[in-house]
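Asks: Next up is a structure, given as structure tokens.
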Amino acid sequence: MLRVLVAALCLLAPVRAQEARQYLADLLRLDTSSPPGNETRAAEYLKRVTTAAGIPSELLGPDPQRLNFIARLKGSGTARPLLLMAHTDVVPADRGQWTVGPFAAVIRDGYLYGRGSQDDKCYLAAELAVFLDLKRRDVKLSRDVILLAESGEEGADTPGIKWLVANAYDKIDAEFALNEGGFAMDTPSGTRIFQIQTTEKIPTRVILTARGSAGHGSVARPDNPVAHLARAVARLVERDQPVRLNETTRRYFEELAKVADYAWLAPLLPKLKSIEGANQVRARSAELDAALRTSVSPTMLRAGMKINVIPNTAEAQIDVRRLPNETAEEVYARFRNIIDDPAVEIAPTGAGRPATQPSPISTPLYQAMERVFRKSRPRAAVVPYMLLGSTDGADLRAKGMAVYGVPLFAENDRRAHGNDERIALQTLEEGAKLLRQIVLEVAR
Ligand SMILES: [Zn+2]
């Protein structure tokens with residue numbers, strides 16, 4: 001009886017508050033900027049910490065400097081595994097733009113600063129804390145819990161998720177996964193909106209190349225490639241992209257419209273599918289508009305080398321994020337139509353991510369998140385969410401795994417990839433507690 005009571009008390013106790021903080025500070029001090037990555041530093045750290053707790057682990061991958069980390073806690077096998085995943089690489093930091101060292105893990109005014117504190121080492125620290133806590137308390141699990149820390153998420157996914165899916169999928173195969181990519185935000189009226197990421201847009205970047213004949217700038221030529229390119233870019237950004245909803249975004253807009261701060265959305269709901277309705281949404285929020293259609297952002301231009309020399313070619317790079325229920329071919333064909341100029345060629349660029357169906361909101365994991373988040377605040381809304389960016393989750397969804405971006409950390413001040421990236425210590429600790437509750441609900 002006493003043992004039962006002690007066990008019950010242990011399960012109620014929170015993750016040791018300082019623990020996630022310590023892990024995050026340690027991880028932030030390891031410079032894993034990609035390029036070049038050096039994620040093996042983080043993988044070795046994870047190995048040390050888990051080994052000390054008596055958990056076996058593996059470092060693996062095609063590049064010794066960029067290894068992935070995998071460890072597993074065994075369950076009874078009643079249910080299929082739960083995967084906790086986070087990437088170890090971070091984007092570079094421009095030191096001159098920071099007020100603290102980006103790899104110094106400085107604590108100031110209740111915030112822990114460092115590159116990766118929001119993206120994505122906070123997740124890794126919380127997952128590690130929960131993973132070790134399960135082991136320490138000897139929690140009887142109904143399913144295996146796997147901890148995966150993958151390398152190369154930030155634009156170089158070959159050593160990380162793509163390699164793992166191709167070469168070691170059996171080691172990470174799970175019924176479902178918790179990943180980055182969900183966001184919690186507090187509205188002005190005091191509602192916390194937990195946005196659980198169930199799907200994401202697909203990077204579909206293109207290069208436009210206009211070709212013409214080179215010559216002296218004193219003779220204006222109709223085939224000037226700079227002029228053709230400028231026209232093509234202008235046409236692309238000015239034309240409204242078609243609207244298409246999917247099961248995630250349909251539900252997202254419906255649920256959002258119930259929150260007082262988004263009451264303005266309610267009368268627009270019946271019109272959402274039309275360009276007119278979407279344009280009214282755009283007038284209020286560029287982010288919400290980007291959830292309704294494929295987005296087109298020109299980001300780089302290149303042409304010419306001297307003011308009096310007409311160049312042969314001119315090039316524009318366009319960051320296109322397409323809806324998951326639209327094919328790349330559809331997008332290219334539409335762009336060709338819009339540009340309507342044989343002198344301008346459209347070519348895809350970059351690795352990209354696979355197209356996938358949204359992960360269902362009917363799984364025990366989604367429902368556990370819903371319960372935990374609702375209980376956590378007097379005024380909480382829980383909504384399925386389509387990420388406008390992209391994550392490693394897409395590659396696992398393509399294998400049939402249900403993957404969720406779990407909104408653990410409520411942070412309206414998003415600094416991922418920005419200067420002075422930081423996380424509030426209180427937010428971090430709350431996030432680790434929420435994660436622990438979710439994992440216990442679904443894996444015990
Ligand atoms: Zn990330």
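Chains: A, B, ... in order of the structure tokens. Residues: from 1 per chain. Ligands: from 1, in order shown.
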Tell me which protein, DNA and RNA residues are within 10 Å of Lys162 of chain A, counting only C-alpha atoms, leaving out same-chain ones fewer than 6 positions away, and put them as a list of chain:residue names.
Replies: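 Using only C-alpha atoms, the neighbours found are A:Glu150, A:Gly152, A:Glu153, A:Ala156, A:Ala168, A:Tyr169, A:Arg353, A:Asp392, A:Asp395, A:Leu396.
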Asks: Create the file for the chosen residues now, containing N, CA and C atoms and written as a PDB file, in the first residue's frame.
Replies:
```pdb
ATOM      1  N   GLU A 150      17.480  14.989 -33.928  1.00  0.00           N
ATOM      2  CA  GLU A 150      17.991  14.868 -35.297  1.00  0.00           C
ATOM      3  C   GLU A 150      18.807  16.085 -35.706  1.00  0.00           C
ATOM      4  N   GLY A 152      20.627  18.595 -38.807  1.00  0.00           N
ATOM      5  CA  GLY A 152      20.354  19.097 -40.156  1.00  0.00           C
ATOM      6  C   GLY A 152      18.916  19.428 -40.479  1.00  0.00           C
ATOM      7  N   GLU A 153      18.188  20.011 -39.522  1.00  0.00           N
ATOM      8  CA  GLU A 153      16.802  20.379 -39.859  1.00  0.00           C
ATOM      9  C   GLU A 153      16.755  21.708 -40.602  1.00  0.00           C
ATOM     10  N   ALA A 156      19.337  21.618 -44.234  1.00  0.00           N
ATOM     11  CA  ALA A 156      20.308  20.613 -44.708  1.00  0.00           C
ATOM     12  C   ALA A 156      19.867  19.261 -44.171  1.00  0.00           C
ATOM     13  N   ALA A 168      17.224   4.067 -41.037  1.00  0.00           N
ATOM     14  CA  ALA A 168      17.041   3.606 -39.655  1.00  0.00           C
ATOM     15  C   ALA A 168      15.603   3.802 -39.203  1.00  0.00           C
ATOM     16  N   TYR A 169      14.674   3.659 -40.146  1.00  0.00           N
ATOM     17  CA  TYR A 169      13.287   3.975 -39.791  1.00  0.00           C
ATOM     18  C   TYR A 169      12.754   3.076 -38.680  1.00  0.00           C
ATOM     19  N   ARG A 353      10.104  19.234 -49.278  1.00  0.00           N
ATOM     20  CA  ARG A 353       9.549  18.263 -48.342  1.00  0.00           C
ATOM     21  C   ARG A 353       8.432  17.511 -49.047  1.00  0.00           C
ATOM     22  N   ASP A 392      10.848  18.775 -39.879  1.00  0.00           N
ATOM     23  CA  ASP A 392      11.148  17.365 -40.153  1.00  0.00           C
ATOM     24  C   ASP A 392       9.912  16.479 -40.026  1.00  0.00           C
ATOM     25  N   ASP A 395       8.482  14.647 -43.174  1.00  0.00           N
ATOM     26  CA  ASP A 395       9.082  13.395 -43.675  1.00  0.00           C
ATOM     27  C   ASP A 395       8.539  12.179 -42.935  1.00  0.00           C
ATOM     28  N   LEU A 396       8.158  12.357 -41.676  1.00  0.00           N
ATOM     29  CA  LEU A 396       7.578  11.244 -40.926  1.00  0.00           C
ATOM     30  C   LEU A 396       6.101  11.075 -41.264  1.00  0.00           C
TER      31      LEU A 396
END
```
Asks: Can you work out which residues are within 7 Å of ligand 1, considering only C-alpha atoms and all ligand atoms, and then hand them over as a PyMOL selection string?
Replies: chain A and resi 87+119-120+153-154+180+391
Asks: Could you build a table of the residues in segment 318-425 of chain A lying no more than 12 Å from segment 126-139 of chain A, giving for each the nearest pair of atoms and their separation in Å rounded to one decimal place, using only C-alpha atoms, ordered by chain and ascending residue number, as a tab-separated table?
Replies:
```
residue	atom	partner	partner_atom	distance
A:Val406	CA	A:Glu127	CA	11.4
A:Leu408	CA	A:Ala126	CA	9.1
A:Phe409	CA	A:Ala126	CA	10.2
A:Leu425	CA	A:Ala126	CA	11.7
```
Asks: Produce a file of the selected residues containing N, CA and C atoms, as a PDB file, in the first residue's frame.
Replies:
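Written output follows (again_13.pdb):
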```
ATOM      1  N   VAL A 406       3.686  20.354 -30.929  1.00  0.00           N
ATOM      2  CA  VAL A 406       2.999  20.512 -29.644  1.00  0.00           C
ATOM      3  C   VAL A 406       3.303  21.898 -29.070  1.00  0.00           C
ATOM      4  N   LEU A 408       3.981  23.795 -26.512  1.00  0.00           N
ATOM      5  CA  LEU A 408       4.332  23.724 -25.089  1.00  0.00           C
ATOM      6  C   LEU A 408       4.619  25.093 -24.499  1.00  0.00           C
ATOM      7  N   PHE A 409       5.192  25.974 -25.329  1.00  0.00           N
ATOM      8  CA  PHE A 409       5.763  27.208 -24.785  1.00  0.00           C
ATOM      9  C   PHE A 409       4.977  28.412 -25.282  1.00  0.00           C
ATOM     10  N   LEU A 425      12.129  31.551 -18.339  1.00  0.00           N
ATOM     11  CA  LEU A 425      12.358  30.330 -17.553  1.00  0.00           C
ATOM     12  C   LEU A 425      11.037  29.727 -17.093  1.00  0.00           C
TER      13      LEU A 425
END
```
Asks: Compare A:Gln357, A:Ala104, A:Leu112, A:Ala52 by their minimum atom-to-atom distance to Leu428 of chain A, counting only C-alpha atoms, and give me the closest one.
Replies: A:Leu112
Asks: With DSSP run on the backbone, what are the strand (DSSP E) residues within segment 14-95 of chain A? I'd like them as an MDAnalysis selection string.
Replies: chainID A and resid 57:60 68:73 82:87
Asks: Can you write out as a Markdown table which residues of segment 155-233 of chain A fall within 12 Å of segment 33-44 of chain A, alongside each residue's closest atom pair and its distance in Å to one decimal, counting only C-alpha atoms and ordering rows by chain and ascending residue number?
Replies:
```
| residue | atom | partner | partner_atom | distance |
| --- | --- | --- | --- | --- |
| A:Gly155 | CA | A:Ser34 | CA | 8.3 |
| A:Ala156 | CA | A:Ser34 | CA | 8.0 |
| A:Asp157 | CA | A:Ser34 | CA | 10.7 |
| A:Pro159 | CA | A:Glu39 | CA | 10.1 |
| A:Gly160 | CA | A:Glu39 | CA | 9.9 |
```
Asks: Could you state the separation of atom CA of Glu276 of chain A and atom CA of Asp341 of chain A in Å, given to one decimal place?
Replies: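 Atom CA of Asp341 of chain A lies 27.2 Å from atom CA of Glu276 of chain A.
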Asks: Please extract the residues of segment 61-287 of chain A with a backbone DSSP assignment of helix (DSSP H, G or I) and present them as JSON, numbers by chain.
Replies: {"A": [95, 96, 97, 121, 122, 123, 124, 125, 126, 127, 128, 129, 130, 131, 132, 133, 134, 135, 136, 158, 159, 160, 161, 162, 163, 164, 165, 166, 167, 169, 170, 171, 172, 225, 226, 227, 228, 229, 230, 231, 232, 233, 234, 235, 236, 237, 238, 247, 248, 249, 250, 251, 252, 253, 254, 255, 256, 260, 261, 262, 263, 264, 265, 266, 267, 268, 269, 270, 271, 275, 276, 277, 278, 279, 280, 281, 282, 283, 284, 286, 287]}
Asks: As a list in words, please: the residues near Gln97 of chain A (cut-off 9 Å, only C-alpha atoms, same-chain neighbours under 4 positions excluded).
Replies: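 Close residues of Gln97 of chain A: Ala93, Asn419 and Asp420 of chain A.
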Asks: Limited to N, CA and C atoms, could you put the picked residues into a file as a PDB file, in the first residue's frame?
Replies:
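Wrote out_1.pdb, looks like this:
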```
ATOM      1  N   ALA A  93      24.083  32.846 -35.815  1.00  0.00           N
ATOM      2  CA  ALA A  93      23.737  34.081 -35.097  1.00  0.00           C
ATOM      3  C   ALA A  93      24.745  35.161 -35.485  1.00  0.00           C
ATOM      4  N   ASN A 419      17.398  37.991 -33.513  1.00  0.00           N
ATOM      5  CA  ASN A 419      18.455  38.386 -32.580  1.00  0.00           C
ATOM      6  C   ASN A 419      17.949  38.247 -31.142  1.00  0.00           C
ATOM      7  N   ASP A 420      18.895  38.043 -30.216  1.00  0.00           N
ATOM      8  CA  ASP A 420      18.543  37.907 -28.797  1.00  0.00           C
ATOM      9  C   ASP A 420      17.417  36.893 -28.582  1.00  0.00           C
TER      10      ASP A 420
END
```
Asks: List every residue of segment 237-257 of chain A that has an atom at most 10 Å from any atom of segment 336-339 of chain A, giving for each one its closest atom pair and the distance in Å to one decimal, counting only C-alpha atoms, sorted by chain and then by ascending residue number, as a tab-separated table.
Replies:
```
residue	atom	partner	partner_atom	distance
A:Val237	CA	A:Ile338	CA	9.9
A:Glu238	CA	A:Ile338	CA	9.8
A:Arg239	CA	A:Ile338	CA	7.5
```
Asks: Write the residues of the preceding selection, restricted to C-alpha atoms, as an mmCIF file, in the first residue's frame.
Replies:
```cif
data_model
loop_
_atom_site.group_PDB
_atom_site.id
_atom_site.type_symbol
_atom_site.label_atom_id
_atom_site.label_comp_id
_atom_site.auth_asym_id
_atom_site.auth_seq_id
_atom_site.Cartn_x
_atom_site.Cartn_y
_atom_site.Cartn_z
ATOM 1 C CA VAL A 237 3.006 38.901 -56.565
ATOM 2 C CA GLU A 238 0.057 40.960 -57.767
ATOM 3 C CA ARG A 239 -2.096 38.035 -58.844
#
```
Asks: From the list A:Thr191, A:Ala260, A:Ala283, A:Ala314, which residue is nearest Asp223 of chain A when using only C-alpha atoms?
Replies: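 Of the candidates, the smallest distance to Asp223 of chain A is held by A:Ala314.
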